[in-house]
Structure formats: structure tokens, C-alpha cells
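Trainee: Coordinates in protein.pdb, PDB, C-alpha atoms, pLDDT in the B column, are listed below.
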```pdb
ATOM      1  CA  MET E 132     104.142 100.399 108.418  1.00 69.00           C
ATOM      2  CA  ASP E 133     105.126 102.783 105.622  1.00 80.00           C
ATOM      3  CA  ILE E 134     108.484 102.324 103.909  1.00 81.00           C
ATOM      4  CA  VAL E 135     110.192 105.388 105.432  1.00 87.00           C
ATOM      5  CA  THR E 136     109.270 104.295 108.963  1.00 84.00           C
ATOM      6  CA  ALA E 137     110.385 100.747 108.192  1.00 80.00           C
ATOM      7  CA  ILE E 138     113.787 101.945 106.947  1.00 80.00           C
ATOM      8  CA  LYS E 139     114.315 104.209 109.959  1.00 83.00           C
ATOM      9  CA  ALA E 140     113.322 101.445 112.377  1.00 81.00           C
ATOM     10  CA  ARG E 141     115.360  98.724 110.662  1.00 83.00           C
ATOM     11  CA  ARG E 142     117.986  97.176 112.925  1.00 88.00           C
ATOM     12  CA  ALA E 143     119.855  93.896 113.101  1.00 90.00           C
ATOM     13  CA  VAL E 144     118.252  91.812 115.857  1.00 91.00           C
ATOM     14  CA  LYS E 145     120.748  89.773 117.875  1.00 92.00           C
ATOM     15  CA  GLN E 146     118.559  88.020 120.469  1.00 95.00           C
ATOM     16  CA  PHE E 147     115.601  85.914 119.342  1.00 96.00           C
ATOM     17  CA  ASP E 148     112.862  84.047 121.172  1.00 97.00           C
ATOM     18  CA  PRO E 149     113.885  80.418 120.561  1.00 97.00           C
ATOM     19  CA  SER E 150     110.333  79.183 121.237  1.00 97.00           C
ATOM     20  CA  HIS E 151     108.759  81.333 118.514  1.00 97.00           C
ATOM     21  CA  ARG E 152     107.990  79.659 115.171  1.00 95.00           C
ATOM     22  CA  LEU E 153     106.954  81.284 111.932  1.00 95.00           C
ATOM     23  CA  THR E 154     103.972  79.701 110.226  1.00 95.00           C
ATOM     24  CA  GLU E 155     104.334  78.122 106.786  1.00 96.00           C
ATOM     25  CA  SER E 156     102.188  80.957 105.476  1.00 96.00           C
ATOM     26  CA  GLU E 157     104.566  83.568 106.922  1.00 95.00           C
ATOM     27  CA  VAL E 158     107.579  81.788 105.439  1.00 95.00           C
ATOM     28  CA  ASP E 159     105.825  81.535 102.060  1.00 95.00           C
ATOM     29  CA  THR E 160     105.036  85.262 102.165  1.00 94.00           C
ATOM     30  CA  LEU E 161     108.631  86.154 103.040  1.00 93.00           C
ATOM     31  CA  LEU E 162     110.010  84.032 100.222  1.00 94.00           C
ATOM     32  CA  SER E 163     107.465  85.365  97.728  1.00 94.00           C
ATOM     33  CA  LEU E 164     108.508  88.926  98.576  1.00 93.00           C
ATOM     34  CA  ALA E 165     112.216  88.088  98.383  1.00 94.00           C
ATOM     35  CA  MET E 166     111.678  86.537  94.964  1.00 95.00           C
ATOM     36  CA  LEU E 167     110.352  89.879  93.702  1.00 95.00           C
ATOM     37  CA  SER E 168     113.776  91.428  94.294  1.00 95.00           C
ATOM     38  CA  PRO E 169     115.396  92.815  91.177  1.00 95.00           C
ATOM     39  CA  THR E 170     118.436  91.181  89.592  1.00 96.00           C
ATOM     40  CA  ALA E 171     120.581  92.268  86.673  1.00 96.00           C
ATOM     41  CA  PHE E 172     119.113  90.993  83.410  1.00 97.00           C
ATOM     42  CA  ASN E 173     116.377  89.321  85.525  1.00 97.00           C
ATOM     43  CA  ILE E 174     118.598  86.243  85.976  1.00 97.00           C
ATOM     44  CA  GLN E 175     117.293  85.587  89.496  1.00 97.00           C
ATOM     45  CA  HIS E 176     120.460  83.851  90.649  1.00 96.00           C
ATOM     46  CA  TRP E 177     119.601  83.885  94.344  1.00 97.00           C
ATOM     47  CA  ARG E 178     118.892  80.575  95.998  1.00 98.00           C
ATOM     48  CA  PHE E 179     117.397  80.390  99.492  1.00 97.00           C
ATOM     49  CA  VAL E 180     118.419  77.479 101.698  1.00 98.00           C
ATOM     50  CA  LEU E 181     115.938  77.253 104.576  1.00 98.00           C
ATOM     51  CA  VAL E 182     117.863  75.577 107.372  1.00 98.00           C
ATOM     52  CA  GLN E 183     115.293  73.848 109.574  1.00 96.00           C
ATOM     53  CA  ASP E 184     117.148  70.769 110.836  1.00 98.00           C
ATOM     54  CA  PRO E 185     118.216  71.570 114.444  1.00 98.00           C
ATOM     55  CA  GLN E 186     121.401  69.494 114.183  1.00 98.00           C
ATOM     56  CA  LEU E 187     122.392  71.232 110.976  1.00 98.00           C
ATOM     57  CA  ARG E 188     121.761  74.602 112.597  1.00 98.00           C
ATOM     58  CA  ASP E 189     123.978  73.552 115.521  1.00 98.00           C
ATOM     59  CA  ALA E 190     126.744  72.621 113.065  1.00 98.00           C
ATOM     60  CA  ILE E 191     126.369  75.929 111.201  1.00 98.00           C
ATOM     61  CA  ARG E 192     126.479  77.777 114.525  1.00 98.00           C
ATOM     62  CA  ALA E 193     129.747  75.993 115.352  1.00 98.00           C
ATOM     63  CA  ALA E 194     131.171  77.195 112.013  1.00 98.00           C
ATOM     64  CA  SER E 195     129.917  80.743 112.670  1.00 98.00           C
ATOM     65  CA  TRP E 196     131.610  81.923 115.839  1.00 97.00           C
ATOM     66  CA  MET E 197     128.824  80.354 117.946  1.00 98.00           C
ATOM     67  CA  GLN E 198     126.418  83.188 117.164  1.00 97.00           C
ATOM     68  CA  PRO E 199     123.195  82.333 119.016  1.00 97.00           C
ATOM     69  CA  GLN E 200     120.837  83.840 116.440  1.00 96.00           C
ATOM     70  CA  ILE E 201     121.666  80.923 114.126  1.00 98.00           C
ATOM     71  CA  THR E 202     119.918  78.461 116.414  1.00 98.00           C
ATOM     72  CA  ASP E 203     117.562  80.775 118.321  1.00 98.00           C
ATOM     73  CA  ALA E 204     115.838  82.482 115.386  1.00 97.00           C
ATOM     74  CA  SER E 205     112.647  80.954 114.014  1.00 97.00           C
ATOM     75  CA  LEU E 206     114.165  80.666 110.567  1.00 97.00           C
ATOM     76  CA  LEU E 207     117.700  80.630 109.222  1.00 97.00           C
ATOM     77  CA  ILE E 208     118.140  81.302 105.536  1.00 97.00           C
ATOM     78  CA  VAL E 209     121.495  80.800 103.879  1.00 98.00           C
ATOM     79  CA  MET E 210     121.378  83.218 100.970  1.00 97.00           C
ATOM     80  CA  CYS E 211     123.251  81.628  98.082  1.00 98.00           C
ATOM     81  CA  ALA E 212     123.667  82.485  94.441  1.00 98.00           C
ATOM     82  CA  ASP E 213     124.189  80.457  91.304  1.00 98.00           C
ATOM     83  CA  LEU E 214     127.230  82.010  89.645  1.00 98.00           C
ATOM     84  CA  LYS E 215     126.371  80.390  86.327  1.00 98.00           C
ATOM     85  CA  ALA E 216     122.652  81.205  86.246  1.00 97.00           C
ATOM     86  CA  TRP E 217     123.393  83.597  83.389  1.00 98.00           C
ATOM     87  CA  GLU E 218     124.191  80.650  81.085  1.00 97.00           C
ATOM     88  CA  LYS E 219     121.680  78.076  82.363  1.00 97.00           C
ATOM     89  CA  GLN E 220     118.745  78.427  79.991  1.00 97.00           C
ATOM     90  CA  PRO E 221     118.665  82.240  80.199  1.00 97.00           C
ATOM     91  CA  GLU E 222     115.747  82.343  77.763  1.00 97.00           C
ATOM     92  CA  ARG E 223     113.437  81.358  80.645  1.00 97.00           C
ATOM     93  CA  TYR E 224     114.105  84.723  82.358  1.00 97.00           C
ATOM     94  CA  TRP E 225     112.694  86.466  79.294  1.00 97.00           C
ATOM     95  CA  ARG E 226     110.137  83.917  78.081  1.00 97.00           C
ATOM     96  CA  ASN E 227     107.279  86.449  78.210  1.00 97.00           C
ATOM     97  CA  ALA E 228     109.133  89.185  76.325  1.00 97.00           C
ATOM     98  CA  PRO E 229     108.698  89.778  72.592  1.00 97.00           C
ATOM     99  CA  ALA E 230     111.125  87.630  70.567  1.00 97.00           C
ATOM    100  CA  ASP E 231     113.257  90.561  69.380  1.00 97.00           C
ATOM    101  CA  VAL E 232     113.642  91.892  72.932  1.00 97.00           C
ATOM    102  CA  ARG E 233     114.410  88.405  74.268  1.00 97.00           C
ATOM    103  CA  GLU E 234     117.094  87.764  71.636  1.00 98.00           C
ATOM    104  CA  GLY E 235     118.728  91.140  72.278  1.00 98.00           C
ATOM    105  CA  ILE E 236     118.790  90.603  76.037  1.00 98.00           C
ATOM    106  CA  LEU E 237     120.163  87.057  75.683  1.00 98.00           C
ATOM    107  CA  ALA E 238     123.014  88.363  73.548  1.00 98.00           C
ATOM    108  CA  ALA E 239     123.704  91.105  76.114  1.00 98.00           C
ATOM    109  CA  ILE E 240     123.728  88.597  79.000  1.00 98.00           C
ATOM    110  CA  ASP E 241     126.279  86.435  77.226  1.00 98.00           C
ATOM    111  CA  ALA E 242     128.456  89.410  76.267  1.00 98.00           C
ATOM    112  CA  TYR E 243     128.386  90.822  79.799  1.00 98.00           C
ATOM    113  CA  TYR E 244     129.081  87.655  81.827  1.00 98.00           C
ATOM    114  CA  ARG E 245     131.102  85.280  79.622  1.00 98.00           C
ATOM    115  CA  GLY E 246     134.690  85.055  80.852  1.00 98.00           C
ATOM    116  CA  ARG E 247     134.117  87.647  83.580  1.00 98.00           C
ATOM    117  CA  GLU E 248     134.125  85.627  86.804  1.00 97.00           C
ATOM    118  CA  THR E 249     134.545  88.689  89.027  1.00 98.00           C
ATOM    119  CA  VAL E 250     131.476  90.295  87.458  1.00 97.00           C
ATOM    120  CA  GLN E 251     129.522  87.050  87.920  1.00 97.00           C
ATOM    121  CA  ARG E 252     130.440  86.915  91.629  1.00 97.00           C
ATOM    122  CA  ASP E 253     129.899  90.619  92.293  1.00 97.00           C
ATOM    123  CA  GLU E 254     126.459  90.550  90.709  1.00 96.00           C
ATOM    124  CA  ALA E 255     125.536  87.435  92.700  1.00 95.00           C
ATOM    125  CA  MET E 256     126.492  89.159  95.953  1.00 96.00           C
ATOM    126  CA  ARG E 257     124.515  92.292  95.087  1.00 96.00           C
ATOM    127  CA  SER E 258     121.458  90.216  94.275  1.00 96.00           C
ATOM    128  CA  CYS E 259     121.674  88.291  97.559  1.00 96.00           C
ATOM    129  CA  GLY E 260     121.910  91.562  99.471  1.00 94.00           C
ATOM    130  CA  ILE E 261     118.901  93.058  97.731  1.00 94.00           C
ATOM    131  CA  ALA E 262     116.810  89.914  98.307  1.00 94.00           C
ATOM    132  CA  ALA E 263     117.846  89.761 101.976  1.00 91.00           C
ATOM    133  CA  GLN E 264     116.420  93.239 102.532  1.00 86.00           C
ATOM    134  CA  ALA E 265     113.014  92.074 101.357  1.00 69.00           C
ATOM    135  CA  LEU E 266     112.762  89.498 104.126  1.00 71.00           C
ATOM    136  CA  GLY E 267     111.642  91.939 106.838  1.00 65.00           C
ATOM    137  CA  TYR E 268     110.434  90.811 110.281  1.00 81.00           C
ATOM    138  CA  ASP E 269     112.859  90.947 113.165  1.00 92.00           C
ATOM    139  CA  SER E 270     115.956  89.808 111.366  1.00 93.00           C
ATOM    140  CA  CYS E 271     119.716  89.798 111.385  1.00 93.00           C
ATOM    141  CA  PRO E 272     121.850  89.745 108.237  1.00 94.00           C
ATOM    142  CA  MET E 273     124.982  87.753 109.037  1.00 95.00           C
ATOM    143  CA  ASP E 274     128.335  87.017 107.471  1.00 93.00           C
ATOM    144  CA  LEU E 275     130.681  86.004 110.293  1.00 94.00           C
ATOM    145  CA  ALA E 276     131.165  82.365 109.312  1.00 96.00           C
ATOM    146  CA  ASP E 277     133.431  79.840 107.689  1.00 98.00           C
ATOM    147  CA  PHE E 278     131.446  79.826 104.455  1.00 97.00           C
ATOM    148  CA  GLY E 279     133.517  76.971 103.067  1.00 98.00           C
ATOM    149  CA  GLU E 280     132.462  74.748 105.970  1.00 98.00           C
ATOM    150  CA  VAL E 281     128.858  75.943 105.802  1.00 98.00           C
ATOM    151  CA  GLY E 282     128.853  75.227 102.066  1.00 98.00           C
ATOM    152  CA  ARG E 283     130.025  71.690 102.803  1.00 98.00           C
ATOM    153  CA  LEU E 284     127.323  71.270 105.457  1.00 98.00           C
ATOM    154  CA  ILE E 285     124.500  72.348 103.127  1.00 98.00           C
ATOM    155  CA  GLY E 286     125.852  70.596 100.031  1.00 98.00           C
ATOM    156  CA  LEU E 287     126.472  73.842  98.138  1.00 98.00           C
ATOM    157  CA  PRO E 288     127.031  73.121  94.429  1.00 98.00           C
ATOM    158  CA  GLU E 289     130.475  74.049  93.119  1.00 97.00           C
ATOM    159  CA  ASP E 290     129.141  76.836  90.908  1.00 98.00           C
ATOM    160  CA  HIS E 291     127.274  78.539  93.770  1.00 98.00           C
ATOM    161  CA  VAL E 292     128.430  80.914  96.502  1.00 98.00           C
ATOM    162  CA  ILE E 293     127.060  81.929  99.882  1.00 98.00           C
ATOM    163  CA  GLY E 294     126.290  85.628 100.081  1.00 97.00           C
ATOM    164  CA  LEU E 295     125.095  85.888 103.662  1.00 97.00           C
ATOM    165  CA  PHE E 296     122.761  84.385 106.240  1.00 96.00           C
ATOM    166  CA  VAL E 297     119.530  85.940 107.433  1.00 96.00           C
ATOM    167  CA  ALA E 298     118.178  84.937 110.839  1.00 96.00           C
ATOM    168  CA  ILE E 299     114.464  85.752 111.178  1.00 95.00           C
ATOM    169  CA  GLY E 300     112.141  85.522 114.143  1.00 95.00           C
ATOM    170  CA  ARG E 301     110.796  87.419 117.117  1.00 95.00           C
ATOM    171  CA  GLY E 302     113.318  89.599 118.882  1.00 94.00           C
ATOM    172  CA  VAL E 303     113.346  89.441 122.668  1.00 95.00           C
ATOM    173  CA  ARG E 304     114.798  92.864 123.330  1.00 90.00           C
ATOM    174  CA  GLU E 305     115.105  96.210 121.661  1.00 84.00           C
ATOM    175  CA  PRO E 306     118.300  96.619 119.665  1.00 81.00           C
ATOM    176  CA  ARG E 307     120.999  98.735 121.233  1.00 82.00           C
ATOM    177  CA  PRO E 308     121.110 102.380 120.162  1.00 83.00           C
ATOM    178  CA  ARG E 309     122.938 103.004 116.917  1.00 85.00           C
ATOM    179  CA  ALA E 310     126.616 102.886 117.738  1.00 88.00           C
ATOM    180  CA  GLY E 311     127.790 105.794 115.631  1.00 91.00           C
ATOM    181  CA  ALA E 312     126.614 106.743 112.174  1.00 90.00           C
ATOM    182  CA  LEU E 313     129.078 108.482 109.911  1.00 94.00           C
ATOM    183  CA  THR E 314     128.206 112.021 108.901  1.00 95.00           C
ATOM    184  CA  ARG E 315     126.798 112.729 105.473  1.00 95.00           C
ATOM    185  CA  ASP E 316     130.005 114.621 104.602  1.00 95.00           C
ATOM    186  CA  GLU E 317     131.983 111.425 105.210  1.00 95.00           C
ATOM    187  CA  VAL E 318     129.923 109.257 102.880  1.00 96.00           C
ATOM    188  CA  VAL E 319     128.399 111.464 100.177  1.00 96.00           C
ATOM    189  CA  ARG E 320     130.442 112.853  97.283  1.00 96.00           C
ATOM    190  CA  LYS E 321     129.288 114.863  94.314  1.00 95.00           C
ATOM    191  CA  ASP E 322     130.540 113.754  90.912  1.00 96.00           C
ATOM    192  CA  ARG E 323     133.973 112.528  92.108  1.00 95.00           C
ATOM    193  CA  PHE E 324     135.927 111.669  95.225  1.00 95.00           C
TER
END
```
Can you present the structure in this file as C-alpha cells?
Mentor:
Amino acid sequence: MDIVTAIKARRAVKQFDPSHRLTESEVDTLLSLAMLSPTAFNIQHWRFVLVQDPQLRDAIRAASWMQPQITDASLLIVMCADLKAWEKQPERYWRNAPADVREGILAAIDAYYRGRETVQRDEAMRSCGIAAQALGYDSCPMDLADFGEVGRLIGLPEDHVIGLFVAIGRGVREPRPRAGALTRDEVVRKDRF
């Protein structure tokens, strides 16, 4: 499928075939593609928690308004981000760059993120969203959850955040028609609001 067709056909799937399982090869391919997603300064702060334990998925479902896609989808990924990835050996993100480029970028990373917690969080959320789009298949991006409880359930480190969930599998019905897209005039501005 070409990219334009894929974008036009893209919908959040709500009902999954609970008997369908992705192969390890399919999961590896999905993760490999997601890991190609761009991040600011190449800091790659996304972390993908593959939730495979059925009891854990039941507990996450209970903390997420009992949404059935959490347990029915073939794969549930909790998209997390390391808020402090920018200061955890950032030279590894630029290890293949020439030394002068690497040193300049490392200085820019520190200047941009140090002491700016809102920027750190905002960038983490953007990166999770971009990576989630790379996952493809029949999928459903999700955020209706008690993320504090889900973080406790998955052992989320203190310096990480949950961006969203992505449920992936085989849909069992066509998505409903689009409910009502805003007009271009409502969402597009030129130069200023």
C-alpha cells in the first residue's frame, strides 16, 4: 500500500480478534520500524513495553475504563519515554558523527534540555506519538487510562512517563464512518491566528 492510501485508510480499530496472534517476526518488524522514528537531537527516548502477560493486561484494562482492545488485541504496547535520556550518555546518539559535530550537538542538547522539565516532557510525548504512527497494522492509539496506576503495574521508572498505548492486531469489523472532520478553514491558518 502506498503512503497516501495508507494515510487515507488509517483508522483507530476498536474491536480485535482475540484469537489472532502476531508472529515474533511481525513484532520484530513493527519494533524495527518504530525505532526508525525521528526524535529531537536523535535522543531516542521512546521505550516500548510489550505487555504480553494476560493477567497484567487484565489489570491494565481495569485501570483503563475496561476498554476491550487492551486484552483483545494481539499486542499491547505501552509507549513510554525516558525524560532524562538527553543526559544519559548522550554521546552514544552521535557516536558515528565526526567529533566536531558530535561535540557541538552534545553542547546543544545540554543547553536545550537542562532545567527545562516542560520541554523534556513535551519532546518525550511528541516522540512517542511519532513512533506510534510507525506501528501500522490494525491498531488503536489509546490514552484513556489511569497512567499512574499503569505505571505502577509495569514498574515504570521514576524518570519515565507513559505517552500512550497502542493496541495492535486483526480488526474484526470495519471502523465506523468518520464522525465529523473539521473543515480546512477551521484548522489551517496562514502566518498567524
Trainee: From the set E:Arg247, E:Leu161, E:Arg178, E:Leu187, which residue has the shortest atom-to-atom contact distance to Arg283 of chain E, counting only C-alpha atoms?
Mentor: E:Leu187
Trainee: In terms of the shortest atom-to-atom distance over all atoms listed in the file, which of E:Asp241, E:Ala212, E:Pro149, E:Ala165 is closest to Pro185 of chain E?
Mentor: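 Going through E:Asp241, E:Ala212, E:Pro149, E:Ala165 one by one, the smallest distance to Pro185 of chain E is for E:Pro149.
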Trainee: Tell me which protein, DNA and RNA residues are within 10 Å of Leu266 of chain E, counting only C-alpha atoms, leaving out same-chain ones fewer than 4 positions away, and put them as a PyMOL selection string.
Mentor: chain E and resi 158+160-166+208+261-262+270+272+297-299
Trainee: Measuring between only C-alpha atoms, which one of E:Val281, E:Leu237, E:Leu206, E:Ala228 shows the shortest distance to Glu157 of chain E?
Mentor: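 Under the stated criterion, the closest residue is E:Leu206.
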Trainee: List the spatial neighbours of Ile174 of chain E as a list in words - criterion: any atom at most 7 Å away, all atoms listed in the file, same-chain residues fewer than 2 positions off excluded.
Mentor: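 Near neighbours after the sequence-gap exclusion: Thr170, Ala171, Phe172, His176, Ala216, Trp217 and Tyr224 of chain E.
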Trainee: Save the residues we just selected, C-alpha atoms, as a short mmCIF file (atom, residue, chain, number, x, y, z; two decimals), in the coordinates of the input?
Mentor:
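Output saved as selection_4.cif:
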```cif
data_model
loop_
_atom_site.label_atom_id
_atom_site.label_comp_id
_atom_site.auth_asym_id
_atom_site.auth_seq_id
_atom_site.Cartn_x
_atom_site.Cartn_y
_atom_site.Cartn_z
CA THR E 170 118.44 91.18 89.59
CA ALA E 171 120.58 92.27 86.67
CA PHE E 172 119.11 90.99 83.41
CA HIS E 176 120.46 83.85 90.65
CA ALA E 216 122.65 81.20 86.25
CA TRP E 217 123.39 83.60 83.39
CA TYR E 224 114.10 84.72 82.36
#
```
Trainee: Find the residues around Gly246 of chain E up to 12 Å (only C-alpha atoms counted), leave out those fewer than 3 positions away in its own chain, and share them as a list in words.
Mentor: Leu214, Lys215, Trp217, Glu218, Ile240, Asp241, Ala242, Tyr243, Thr249, Val250, Gln251 and Arg252 of chain E
Trainee: For the atom pair atom CA of Ile134 of chain E and atom CA of Arg257 of chain E, what is the interatomic distance in Å to one decimal place?
Mentor: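 It comes out at 20.9 Å.
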Trainee: Counting all atoms listed in the file, which residue out of E:Leu153, E:Arg304, E:Ser195, E:Phe179 sits closest to Leu287 of chain E?
Mentor: E:Phe179
Trainee: When distances are computed from all atoms listed in the file, which of E:Ala193, E:Ile138, E:Ile201, E:Val319 shows the smallest separation from Cys271 of chain E?
Mentor: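 Between E:Ala193, E:Ile138, E:Ile201, E:Val319, the residue approaching Cys271 of chain E most closely is E:Ile201.
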Trainee: Set the distance at 6 Å and use all atoms listed in the file: which residues neighbour Ala194 of chain E once local chain neighbours fewer than 3 positions away are removed? I'd like the list as a JSON list (two decimals) with C-alpha atoms, in the coordinates of the input.
Mentor:
```json
[["chain", "number", "residue", "atom", "x", "y", "z"],
["E", 191, "ILE", "CA", 126.37, 75.93, 111.20],
["E", 276, "ALA", "CA", 131.16, 82.36, 109.31],
["E", 277, "ASP", "CA", 133.43, 79.84, 107.69]]
```
Trainee: Give me the residues within 7 Å of Gln200 of chain E as a short mmCIF file (atom, residue, chain, number, x, y, z; two decimals) with C-alpha atoms, keeping the file's coordinate frame, counting all atoms listed in the file and dropping any in the same chain fewer than 5 places off.
Mentor:
```
data_model
loop_
_atom_site.label_atom_id
_atom_site.label_comp_id
_atom_site.auth_asym_id
_atom_site.auth_seq_id
_atom_site.Cartn_x
_atom_site.Cartn_y
_atom_site.Cartn_z
CA LYS E 145 120.75 89.77 117.88
CA GLN E 146 118.56 88.02 120.47
CA PHE E 147 115.60 85.91 119.34
CA ALA E 298 118.18 84.94 110.84
#
```
Trainee: Nearest to Ala140 of chain E: which of E:Arg315, E:Arg320, E:Arg152, E:Arg309 is it, counting all atoms listed in the file?
Mentor: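 Using all atoms listed in the file, the shortest distance to Ala140 of chain E belongs to E:Arg309.
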Trainee: Any idea what the distance is between atom CA of Trp177 of chain E and atom CA of Cys211 of chain E?
Mentor: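 Taking atom CA of Trp177 of chain E as the start and atom CA of Cys211 of chain E as the end point, the length is 5.7 Å.
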Trainee: Between atom CA of Ala204 of chain E and atom CA of Gln186 of chain E, what is the distance, to one decimal in Å?
Mentor: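 Atom CA of Gln186 of chain E lies at a distance of 14.2 Å from atom CA of Ala204 of chain E.
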Trainee: Need the axis-aligned box for segment 309-320 of chain E with 8 Å each side, so what are the centre and edges in Å to one decimal, as JSON?
Mentor:
```
{"center_x": 127.5, "center_y": 108.8, "center_z": 107.5, "size_x": 25.0, "size_y": 27.7, "size_z": 36.5}
```
